[in-house]
$ cat data_10.txt   # compact mmCIF, C-alpha atoms
# COMPACT_ATOMS: atom_id res chain seq x y z
CA MET X 110 118.42 89.59 83.24
CA LYS X 111 118.23 90.36 86.94
CA LYS X 112 121.01 92.91 86.64
CA LEU X 113 119.28 94.61 83.71
CA PHE X 114 116.03 94.90 85.64
CA PHE X 115 117.79 96.27 88.68
CA LEU X 116 119.58 98.97 86.69
CA LEU X 117 116.32 99.96 85.04
CA ALA X 118 114.69 100.20 88.48
CA VAL X 119 117.50 102.42 89.74
CA ALA X 120 117.20 104.65 86.68
CA ALA X 121 113.46 105.03 87.22
CA ILE X 122 114.01 106.11 90.82
CA VAL X 123 116.71 108.61 89.94
CA LEU X 124 114.74 110.13 87.04
CA SER X 125 111.65 110.50 89.24
CA GLY X 126 113.60 112.80 91.56
CA CYS X 127 112.86 110.44 94.46
CA GLY X 128 116.32 108.97 95.00
CA LYS X 129 116.58 110.74 98.35
CA ASP X 130 113.49 108.90 99.58
CA GLN X 131 114.75 105.48 98.49
CA PRO X 132 117.67 104.77 100.84
CA ALA X 133 117.85 101.08 99.93
CA VAL X 134 118.80 101.86 96.33
CA SER X 135 121.55 104.03 94.90
CA PRO X 136 123.18 104.24 91.46
CA GLU X 137 126.34 102.67 92.89
CA ASP X 138 124.44 99.72 94.32
CA THR X 139 124.62 96.93 91.75
CA ASP X 140 124.47 93.98 94.16
CA THR X 141 121.18 92.45 93.05
CA SER X 142 121.63 89.20 95.00
CA LYS X 143 120.33 90.66 98.26
CA TYR X 144 116.92 91.18 96.65
CA TYR X 145 116.43 87.49 95.84
CA ASP X 146 116.18 84.46 98.04
CA GLU X 147 118.32 81.41 97.28
CA ASN X 148 115.71 80.14 94.82
CA GLY X 149 115.48 83.41 92.92
CA ALA X 150 112.27 84.77 94.47
CA TYR X 151 112.22 88.57 94.36
CA PHE X 152 111.42 91.04 97.14
CA GLY X 153 113.41 94.08 96.02
CA PRO X 154 112.72 97.60 94.79
CA THR X 155 109.84 98.51 92.54
CA GLU X 156 110.09 100.55 89.37
CA GLU X 157 107.20 102.67 90.61
CA ALA X 158 108.09 106.36 91.04
CA THR X 159 107.10 107.46 94.55
CA ASN X 160 108.08 109.55 97.53
CA TYR X 161 107.16 106.77 99.95
CA THR X 162 109.95 104.88 101.69
CA GLY X 163 108.11 101.71 102.65
CA SER X 164 109.81 98.38 102.14
CA TYR X 165 107.50 97.59 99.22
CA TYR X 166 109.16 100.40 97.27
CA THR X 167 112.75 100.05 98.47
CA GLY X 168 113.29 96.36 99.17
CA ASP X 169 114.86 97.37 102.52
CA TYR X 170 113.76 95.05 105.33
CA THR X 171 116.47 95.90 107.86
CA SER X 172 115.47 94.55 111.27
CA PRO X 173 115.14 97.07 114.11
CA PHE X 174 116.62 94.36 116.32
CA LYS X 175 119.85 95.10 114.47
CA THR X 176 119.63 98.90 114.45
CA PHE X 177 118.28 99.37 117.98
CA LEU X 178 119.52 96.31 119.89
CA GLY X 179 122.66 95.44 117.97
CA LYS X 180 121.55 91.91 117.11
CA THR X 181 123.43 90.13 114.32
CA ASP X 182 122.05 88.16 111.40
CA GLU X 183 123.06 85.01 113.27
CA ASP X 184 121.19 86.15 116.39
CA ILE X 185 118.08 86.82 114.36
CA GLN X 186 118.20 83.49 112.55
CA THR X 187 118.63 81.69 115.87
CA LYS X 188 115.54 83.49 117.19
CA LEU X 189 113.53 82.57 114.10
CA ASP X 190 114.62 78.94 114.43
CA GLN X 191 113.61 78.97 118.09
CA LEU X 192 110.11 80.19 117.22
CA TYR X 193 109.64 77.68 114.42
CA ASN X 194 110.97 74.73 116.38
CA HIS X 195 108.75 75.63 119.34
CA TYR X 196 105.40 76.15 117.60
CA PHE X 197 105.83 73.81 114.61
CA LYS X 198 108.19 71.07 115.78
CA GLY X 199 108.02 71.11 119.57
CA ASN X 200 106.40 68.67 121.97
CA ASN X 201 102.67 68.53 122.61
CA ASN X 202 102.96 71.20 125.28
CA GLN X 203 104.62 73.60 122.81
CA LYS X 204 103.57 73.14 119.21
CA VAL X 205 100.32 74.17 117.56
CA TYR X 206 101.10 72.58 114.16
CA TYR X 207 99.94 68.98 113.70
CA GLU X 208 100.30 66.79 110.62
CA THR X 209 97.83 64.15 109.45
CA GLY X 210 99.46 62.46 106.48
CA SER X 211 99.45 64.83 103.52
CA GLU X 212 97.58 67.48 105.53
CA ALA X 213 98.26 69.62 108.59
CA TYR X 214 96.37 72.03 110.81
CA ILE X 215 97.02 74.69 113.42
CA ILE X 216 95.09 73.87 116.57
CA ASP X 217 93.44 76.37 118.88
CA THR X 218 94.77 74.69 121.98
CA GLY X 219 92.39 76.51 124.32
CA ASN X 220 89.30 75.21 122.52
CA ASN X 221 90.65 72.06 120.85
CA ASP X 222 89.43 73.04 117.40
CA VAL X 223 90.80 74.44 114.15
CA LYS X 224 90.14 78.08 113.30
CA SER X 225 90.49 79.54 109.81
CA GLU X 226 92.38 82.36 111.54
CA GLY X 227 94.98 79.91 112.83
CA MET X 228 95.29 78.22 109.46
CA SER X 229 95.87 81.60 107.84
CA TYR X 230 98.55 82.49 110.39
CA GLY X 231 100.25 79.15 109.88
CA MET X 232 100.27 79.59 106.10
CA MET X 233 101.71 83.10 106.38
CA ILE X 234 104.43 81.92 108.77
CA ALA X 235 105.28 78.99 106.47
CA VAL X 236 105.64 81.10 103.32
CA GLN X 237 107.68 83.78 105.10
CA THR X 238 110.03 81.19 106.62
CA ASP X 239 110.31 79.21 103.35
CA HIS X 240 108.69 76.01 104.61
CA LYS X 241 106.86 74.91 101.46
CA THR X 242 106.05 71.39 102.63
CA GLU X 243 104.30 72.68 105.72
CA PHE X 244 102.54 75.38 103.69
CA ASP X 245 101.19 72.81 101.24
CA LYS X 246 99.95 70.56 104.02
CA LEU X 247 98.16 73.45 105.75
CA TRP X 248 96.64 74.65 102.49
CA THR X 249 95.51 71.13 101.63
CA TRP X 250 93.71 70.81 104.99
CA ALA X 251 92.09 74.24 104.59
CA LYS X 252 90.98 73.41 101.03
CA ASN X 253 89.59 70.02 101.94
CA HIS X 254 87.85 70.88 105.20
CA MET X 255 87.17 74.63 105.27
CA TRP X 256 86.98 76.09 101.77
CA HIS X 257 83.53 76.42 100.22
CA ARG X 258 83.73 75.93 96.44
CA ASN X 259 80.05 76.22 95.64
CA GLY X 260 76.78 77.34 97.18
CA GLU X 261 75.98 80.43 99.18
CA TRP X 262 79.47 80.82 100.72
CA ASP X 263 81.47 79.98 97.62
CA GLY X 264 85.06 81.19 98.02
CA TYR X 265 84.91 81.60 101.80
CA PHE X 266 86.34 79.50 104.62
CA ALA X 267 84.33 78.00 107.47
CA TRP X 268 85.86 79.66 110.50
CA LYS X 269 85.76 76.65 112.86
CA ARG X 270 86.22 72.94 112.41
CA ASN X 271 86.70 69.92 114.64
CA THR X 272 90.09 68.22 114.56
CA ALA X 273 88.52 64.76 114.64
CA GLY X 274 88.40 62.73 111.46
CA SER X 275 88.41 64.94 108.38
CA GLY X 276 87.47 68.21 110.05
CA SER X 277 83.78 67.87 110.88
CA ASP X 278 81.43 70.82 110.64
CA MET X 279 81.22 73.30 113.51
CA ASP X 280 80.44 76.67 111.90
CA GLU X 281 80.05 77.56 108.22
CA TYR X 282 80.41 81.33 108.61
CA CYS X 283 83.72 83.03 107.91
CA CYS X 284 86.22 84.97 110.02
CA PRO X 285 87.15 87.80 107.58
CA ALA X 286 90.73 88.26 108.79
CA ALA X 287 91.39 84.67 107.71
CA GLU X 288 90.32 85.38 104.13
CA MET X 289 92.69 88.35 104.12
CA TYR X 290 95.68 86.38 105.46
CA ILE X 291 95.06 83.24 103.39
CA THR X 292 94.73 85.19 100.14
CA THR X 293 97.87 87.22 100.82
CA ALA X 294 99.82 84.10 101.81
CA LEU X 295 98.76 82.42 98.56
CA LEU X 296 99.89 85.39 96.48
CA PHE X 297 103.25 85.38 98.27
CA ALA X 298 103.54 81.62 97.78
CA ALA X 299 102.81 81.95 94.05
CA ASN X 300 105.61 84.48 93.71
CA ARG X 301 108.13 82.95 96.09
CA TRP X 302 107.80 79.39 94.84
CA ASN X 303 106.91 80.22 91.22
CA ASP X 304 103.68 78.20 91.23
CA SER X 305 100.67 79.64 89.40
CA ARG X 306 98.27 77.27 91.16
CA TYR X 307 98.52 79.33 94.35
CA ARG X 308 97.81 82.47 92.34
CA ASP X 309 94.76 80.87 90.72
CA ASP X 310 93.37 79.98 94.15
CA ALA X 311 94.03 83.49 95.46
CA GLN X 312 92.33 85.09 92.48
CA TYR X 313 89.30 82.84 92.97
CA ILE X 314 88.98 84.07 96.56
CA LEU X 315 89.47 87.70 95.56
CA ARG X 316 86.72 87.42 92.99
CA LYS X 317 84.21 85.62 95.21
CA ILE X 318 84.58 87.86 98.28
CA ARG X 319 83.51 90.83 96.14
CA GLU X 320 80.31 89.14 94.95
CA GLU X 321 76.76 89.12 96.27
CA PRO X 322 75.13 87.86 98.40
CA HIS X 323 78.05 88.07 100.84
CA PRO X 324 80.61 90.73 99.87
CA LEU X 325 83.39 90.82 102.45
CA PHE X 326 83.55 94.62 102.35
CA ASN X 327 80.39 96.63 103.09
CA THR X 328 79.32 97.98 99.70
CA ASP X 329 78.29 101.41 101.04
CA HIS X 330 81.41 102.06 103.12
CA ASN X 331 83.98 99.75 101.47
CA ILE X 332 85.13 98.65 104.94
CA ILE X 333 85.48 95.01 105.91
CA CYS X 334 82.41 93.56 107.63
CA PHE X 335 82.34 91.79 110.96
CA ILE X 336 80.68 88.89 109.12
CA PRO X 337 79.33 89.39 105.59
CA THR X 338 75.76 88.37 106.38
CA GLY X 339 72.66 89.88 108.02
CA ASN X 340 73.13 92.63 110.59
CA GLU X 341 76.78 91.68 110.96
CA MET X 342 77.41 93.40 107.61
CA ASP X 343 76.63 96.77 109.23
CA PHE X 344 79.65 97.02 111.54
CA SER X 345 83.27 95.94 111.61
CA ASN X 346 86.16 94.68 113.67
CA PRO X 347 89.16 97.07 113.42
CA SER X 348 91.62 94.20 113.87
CA TYR X 349 90.44 93.03 110.43
CA ASP X 350 91.71 96.32 108.95
CA LEU X 351 94.73 95.00 107.09
CA ALA X 352 95.62 97.93 104.86
CA ALA X 353 98.92 96.44 103.68
CA PHE X 354 97.14 93.35 102.35
CA THR X 355 94.33 95.39 100.81
CA GLU X 356 96.98 97.55 99.11
CA LEU X 357 98.42 94.43 97.49
CA PHE X 358 94.96 93.32 96.33
CA SER X 359 94.51 96.70 94.64
CA ARG X 360 97.71 96.00 92.68
CA TRP X 361 97.55 92.26 92.07
CA SER X 362 93.85 91.35 91.83
CA ASP X 363 92.60 90.44 88.36
CA ASN X 364 89.23 92.03 89.17
CA ASP X 365 87.66 94.97 91.02
CA ARG X 366 90.87 96.98 91.30
CA ASN X 367 89.01 100.28 91.61
CA ASP X 368 86.96 98.88 94.49
CA TRP X 369 90.11 97.55 96.14
CA THR X 370 91.79 100.94 95.76
CA THR X 371 88.85 102.60 97.51
CA ALA X 372 88.96 99.90 100.18
CA VAL X 373 92.62 100.69 100.89
CA ARG X 374 91.77 104.30 101.66
CA GLU X 375 88.72 103.44 103.75
CA THR X 376 90.57 100.71 105.64
CA ARG X 377 93.21 103.21 106.76
CA ASN X 378 90.52 105.74 107.64
CA HIS X 379 88.56 103.23 109.68
CA LEU X 380 91.55 102.02 111.67
CA TYR X 381 92.53 105.62 112.45
CA LYS X 382 88.98 106.52 113.53
CA SER X 383 88.86 103.43 115.77
CA SER X 384 91.91 104.60 117.73
CA ASN X 385 90.73 106.41 120.85
CA THR X 386 92.09 109.96 120.74
CA THR X 387 93.20 109.78 124.39
CA SER X 388 94.22 106.19 125.11
CA GLY X 389 95.05 105.09 121.56
CA LEU X 390 93.21 101.83 122.28
CA PHE X 391 90.87 100.14 119.82
CA PRO X 392 87.54 98.44 120.50
CA ASP X 393 87.05 94.82 119.55
CA TYR X 394 84.06 95.78 117.37
CA SER X 395 83.40 99.18 115.87
CA ASN X 396 80.92 101.04 113.73
CA PHE X 397 82.08 102.29 110.36
CA ASN X 398 82.71 105.70 111.93
CA GLY X 399 85.16 104.08 114.36
CA THR X 400 83.04 104.27 117.51
CA PRO X 401 82.65 101.08 119.57
CA HIS X 402 79.82 98.78 118.58
CA ALA X 403 77.87 96.88 121.22
CA TYR X 404 76.97 93.33 120.24
CA LEU X 405 74.41 91.03 121.79
CA TYR X 406 76.66 87.98 121.73
CA ASN X 407 79.78 89.64 123.15
CA ALA X 408 79.53 91.66 126.36
CA ASN X 409 83.06 92.98 125.82
CA ALA X 410 82.61 94.08 122.19
CA THR X 411 83.12 97.78 122.96
CA LYS X 412 86.34 97.18 124.95
CA TYR X 413 90.02 96.74 124.09
CA MET X 414 90.13 92.95 124.36
CA TYR X 415 91.60 89.94 122.57
CA ASP X 416 90.98 90.94 118.96
CA ALA X 417 91.85 94.62 119.37
CA MET X 418 95.47 94.05 120.36
CA ARG X 419 96.20 93.11 116.73
CA CYS X 420 95.43 96.66 115.55
CA ALA X 421 98.87 97.86 116.68
CA MET X 422 100.52 95.18 114.55
CA ASN X 423 98.27 96.09 111.60
CA PHE X 424 99.15 99.76 111.44
CA GLY X 425 102.82 99.15 112.30
CA MET X 426 103.01 96.67 109.42
CA ASP X 427 101.37 99.10 107.01
CA TYR X 428 103.74 101.85 108.15
CA TYR X 429 106.97 100.01 107.37
CA LEU X 430 105.72 98.16 104.28
CA PHE X 431 104.10 101.14 102.54
CA GLY X 432 104.34 104.34 104.62
CA VAL X 433 101.39 105.91 102.80
CA ASP X 434 99.57 106.89 106.02
CA ALA X 435 102.70 107.59 108.05
CA THR X 436 101.58 110.79 109.80
CA ARG X 437 98.39 109.31 111.23
CA GLN X 438 100.05 106.00 112.06
CA THR X 439 102.71 107.83 114.07
CA GLN X 440 99.88 109.55 115.95
CA MET X 441 98.30 106.17 116.69
CA ALA X 442 101.63 104.76 117.81
CA LYS X 443 102.30 107.69 120.16
CA ARG X 444 98.87 107.34 121.75
CA ILE X 445 98.93 103.61 122.38
CA ILE X 446 102.60 103.32 123.39
CA ASP X 447 102.32 106.36 125.69
CA PHE X 448 99.29 104.70 127.26
CA PHE X 449 101.04 101.41 127.94
CA GLU X 450 104.11 103.27 129.16
CA ALA X 451 101.94 105.05 131.73
CA ASP X 452 100.41 101.72 132.71
CA GLY X 453 103.86 100.18 133.07
CA TYR X 454 102.88 97.37 130.65
CA LYS X 455 101.00 95.74 133.51
CA HIS X 456 97.48 95.22 132.19
CA ALA X 457 95.92 93.65 129.10
CA ARG X 458 92.24 94.64 128.96
CA PHE X 459 90.63 98.05 129.16
CA ASN X 460 87.59 100.06 128.26
CA TRP X 461 88.05 101.99 125.01
CA ASP X 462 88.99 105.15 126.93
CA GLY X 463 91.66 103.32 128.97
CA THR X 464 89.71 102.91 132.19
CA GLY X 465 88.83 99.58 133.80
CA ALA X 466 92.24 97.92 133.64
CA SER X 467 92.25 94.13 134.11
CA GLU X 468 94.30 91.00 133.41
CA THR X 469 98.04 90.85 132.82
CA TYR X 470 99.90 92.25 129.80
CA THR X 471 100.20 89.42 127.28
CA LEU X 472 102.76 87.95 124.92
CA GLY X 473 100.62 88.93 121.94
CA GLU X 474 100.46 92.55 123.08
CA THR X 475 104.21 92.52 123.62
CA GLY X 476 104.73 91.60 119.98
CA ALA X 477 101.99 93.75 118.45
CA ASN X 478 102.99 96.90 120.32
CA ALA X 479 106.62 96.41 119.35
CA VAL X 480 105.52 96.36 115.70
CA ALA X 481 103.61 99.62 116.32
CA CYS X 482 106.96 101.13 117.33
CA TYR X 483 107.97 101.07 113.66
CA ALA X 484 105.83 104.21 113.38
CA LEU X 485 107.88 105.90 116.15
CA MET X 486 111.29 105.30 114.63
CA GLY X 487 112.80 108.65 113.83
CA THR X 488 110.52 110.45 116.30
CA PRO X 489 112.69 112.33 118.83
CA GLY X 490 112.31 111.25 122.43
CA TYR X 491 111.09 107.72 121.75
CA GLU X 492 114.39 105.92 121.28
CA GLU X 493 114.51 104.28 124.72
CA ILE X 494 110.81 103.43 124.63
CA ILE X 495 111.33 101.71 121.28
CA ARG X 496 114.28 99.76 122.69
CA LYS X 497 112.21 98.75 125.69
CA ASN X 498 109.41 97.35 123.52
CA LEU X 499 111.86 95.59 121.24
CA ARG X 500 113.66 94.00 124.21
CA MET X 501 110.36 92.78 125.65
CA ALA X 502 109.44 91.16 122.34
CA TRP X 503 112.90 89.63 121.91
CA ASP X 504 113.30 88.38 125.49
CA ALA X 505 109.77 87.05 125.86
CA THR X 506 109.33 83.47 127.02
CA LEU X 507 107.48 81.43 124.41
CA LEU X 508 104.16 80.06 125.57
CA THR X 509 103.41 76.52 126.59
CA GLY X 510 100.26 74.93 127.92
CA PRO X 511 96.63 75.08 126.84
CA TYR X 512 96.52 78.80 126.00
CA ARG X 513 99.62 79.05 123.84
CA TYR X 514 97.85 79.29 120.47
CA TYR X 515 96.47 82.82 120.05
CA ASP X 516 99.00 84.97 121.88
CA GLY X 517 101.76 82.72 120.64
CA MET X 518 100.76 83.16 117.00
CA VAL X 519 100.31 86.95 117.28
CA HIS X 520 103.76 87.22 118.87
CA TYR X 521 105.26 84.92 116.20
CA LEU X 522 103.84 87.04 113.37
CA SER X 523 105.08 90.17 115.15
CA MET X 524 108.56 88.70 115.39
CA LEU X 525 108.61 88.03 111.64
CA HIS X 526 107.96 91.75 111.12
CA LEU X 527 110.58 92.78 113.67
CA CYS X 528 113.21 90.34 112.38
CA GLY X 529 112.91 91.75 108.87
CA SER X 530 111.57 88.36 107.78
CA PHE X 531 108.08 89.38 106.69
CA LYS X 532 108.65 90.32 103.05
CA ILE X 533 106.42 91.24 100.16
CA TRP X 534 107.25 88.52 97.65
CA LYS X 535 106.70 90.05 94.23
CA PRO X 536 106.17 88.58 90.78
CA ARG X 537 109.55 87.75 89.32
CA PRO X 538 110.99 90.48 87.10
$ encode --input "data_10.txt" --output "structure tokens"
Amino acid sequence: MKKLFFLLAVAAIVLSGCGKDQPAVSPEDTDTSKYYDENGAYFGPTEEATNYTGSYYTGDYTSPFKTFLGKTDEDIQTKLDQLYNHYFKGNNNQKVYYETGSEAYIIDTGNNDVKSEGMSYGMMIAVQTDHKTEFDKLWTWAKNHMWHRNGEWDGYFAWKRNTAGSGSDMDEYCCPAAEMYITTALLFAANRWNDSRYRDDAQYILRKIREEPHPLFNTDHNIICFIPTGNEMDFSNPSYDLAAFTELFSRWSDNDRNDWTTAVRETRNHLYKSSNTTSGLFPDYSNFNGTPHAYLYNANATKYMYDAMRCAMNFGMDYYLFGVDATRQTQMAKRIIDFFEADGYKHARFNWDGTGASETYTLGETGANAVACYALMGTPGYEEIIRKNLRMAWDATLLTGPYRYYDGMVHYLSMLHLCGSFKIWKPRP
């Protein structure tokens, strides 16, 4: 059956006239095994006729660590094992994953609490690294202590909980990037582990975050809100612009597909508009036209700070997974990588225009900017700069101590992308 599907997929690509743009598939290529994991989960080519060369269409997840740095499959697996053993199995000065019986949480070590963001990162890491037990324990904790299943915030996740006891209340509001990551991780888990219960949960979230009174995406602009309530619905956070995930929702959601399709376009537009045309930097918070948004409760909201560094990972991920907005994403990559090149990768925080440098370049930025380099691959003159960023991400010392959580998780997710280990797990053919 797998072989039949694969041959039909190849035929569709050839007949569409797009074979040239699908380098991972050729009529002579009948080795279907490389598009399935050991349990039969599928991540390979799509039958969809397209000119785009993103991994979603081709099934090609070749790691740039191999093509640019000459790393082997064994090298890459050793690196992935190192990351997992450090952050999930290490000692109390290393790990951020903690089990409590049948549940587990990711701790924000700097604040000694549990963030929905961290839970979503942990779930995504677990499904991409095929750790189902850990995924289930994280999802059980999130369901039991964060997930609203009725009332005003039905379908959303409380963004902050205490680790004591059963996760006592700290803040009921959501952190929208967490809803995006959790939902995508559940869809991948449903496909990778052939369990419809994950899909049912994901579809519940997708339905509820489109409903009043708290739609996650502003209904006038179809751009993700900073928080879907009150005045916070009227501006955004560009690091929440996860076009690759929104693209999957437009394909896999049982409801509101037209709205999701519009949201994909507007998400890409908003991220591009939020990239400063000189520095390439992004503000932590932005208006729907991309300009920085000042916020009473955050004096640094208009600056390139802790949230904004994830934008480089977001557009780099969308570039290699889909490639739909490749021209603009290459522009963004040139701007931001040229800027950090000029700075010598010394500083971490800036004003939106690149002035006011402060703090030291971080592990999270090292990973996120390396992912942005996907959009520079094939651009003449950037080969050595790409290698430099890849080496920094590969050689980086993993974090220990009280502030290992956030930068450590952003770097870990970045390494999954760069190792070719962040795959779109599709419904089985």
$ closest_residue --input "data_10.txt" --among "X:Ser530, X:Asn398, X:Glu341, X:Ile314" --to "Asn364 (chain X)" --atoms "only C-alpha atoms"
X:Ile314
$ residues_around --input "data_10.txt" --residues "region 172-188 of chain X" --least-positions-apart "5" --cutoff "9 Å" --atoms "only C-alpha atoms" --output "PyMOL selection string"
chain X and resi 193+483+492+495-496+499-500+503+524+526-530
$ closest_residue --input "data_10.txt" --among "X:Gln203, X:Lys535, X:Asn220, X:Pro322" --to "Gly260 (chain X)" --atoms "all atoms listed in the file"
X:Pro322
$ residues_around --input "data_10.txt" --residues "Asp263 (chain X)" --least-positions-apart "6" --cutoff "10 Å" --atoms "only C-alpha atoms" --output "list in words"
Trp256, His257, Tyr313, Ile314, Lys317, Ile318, Glu320 and His323 of chain X
$ residues_near_point --input "data_10.txt" --point "(93.8, 104.5, 121.4)" --cutoff "8 Å" --atoms "all atoms listed in the file" --output "list in words"
Ser383, Ser384, Asn385, Thr386, Thr387, Ser388, Gly389, Leu390, Phe391, Met441, Arg444, Ile445, Trp461, Asp462 and Gly463 of chain X
$ atom_distance --input "data_10.txt" --atom1 "CA of Trp361 (chain X)" --atom2 "CA of Gly227 (chain X)"
24.3 Å
$ closest_residue --input "data_10.txt" --among "X:Ala481, X:Met418, X:Ala150, X:Ala410" --to "Ala435 (chain X)" --atoms "only C-alpha atoms"
X:Ala481
$ atom_distance --input "data_10.txt" --atom1 "CA of Thr167 (chain X)" --atom2 "CA of Tyr151 (chain X)"
12.2 Å
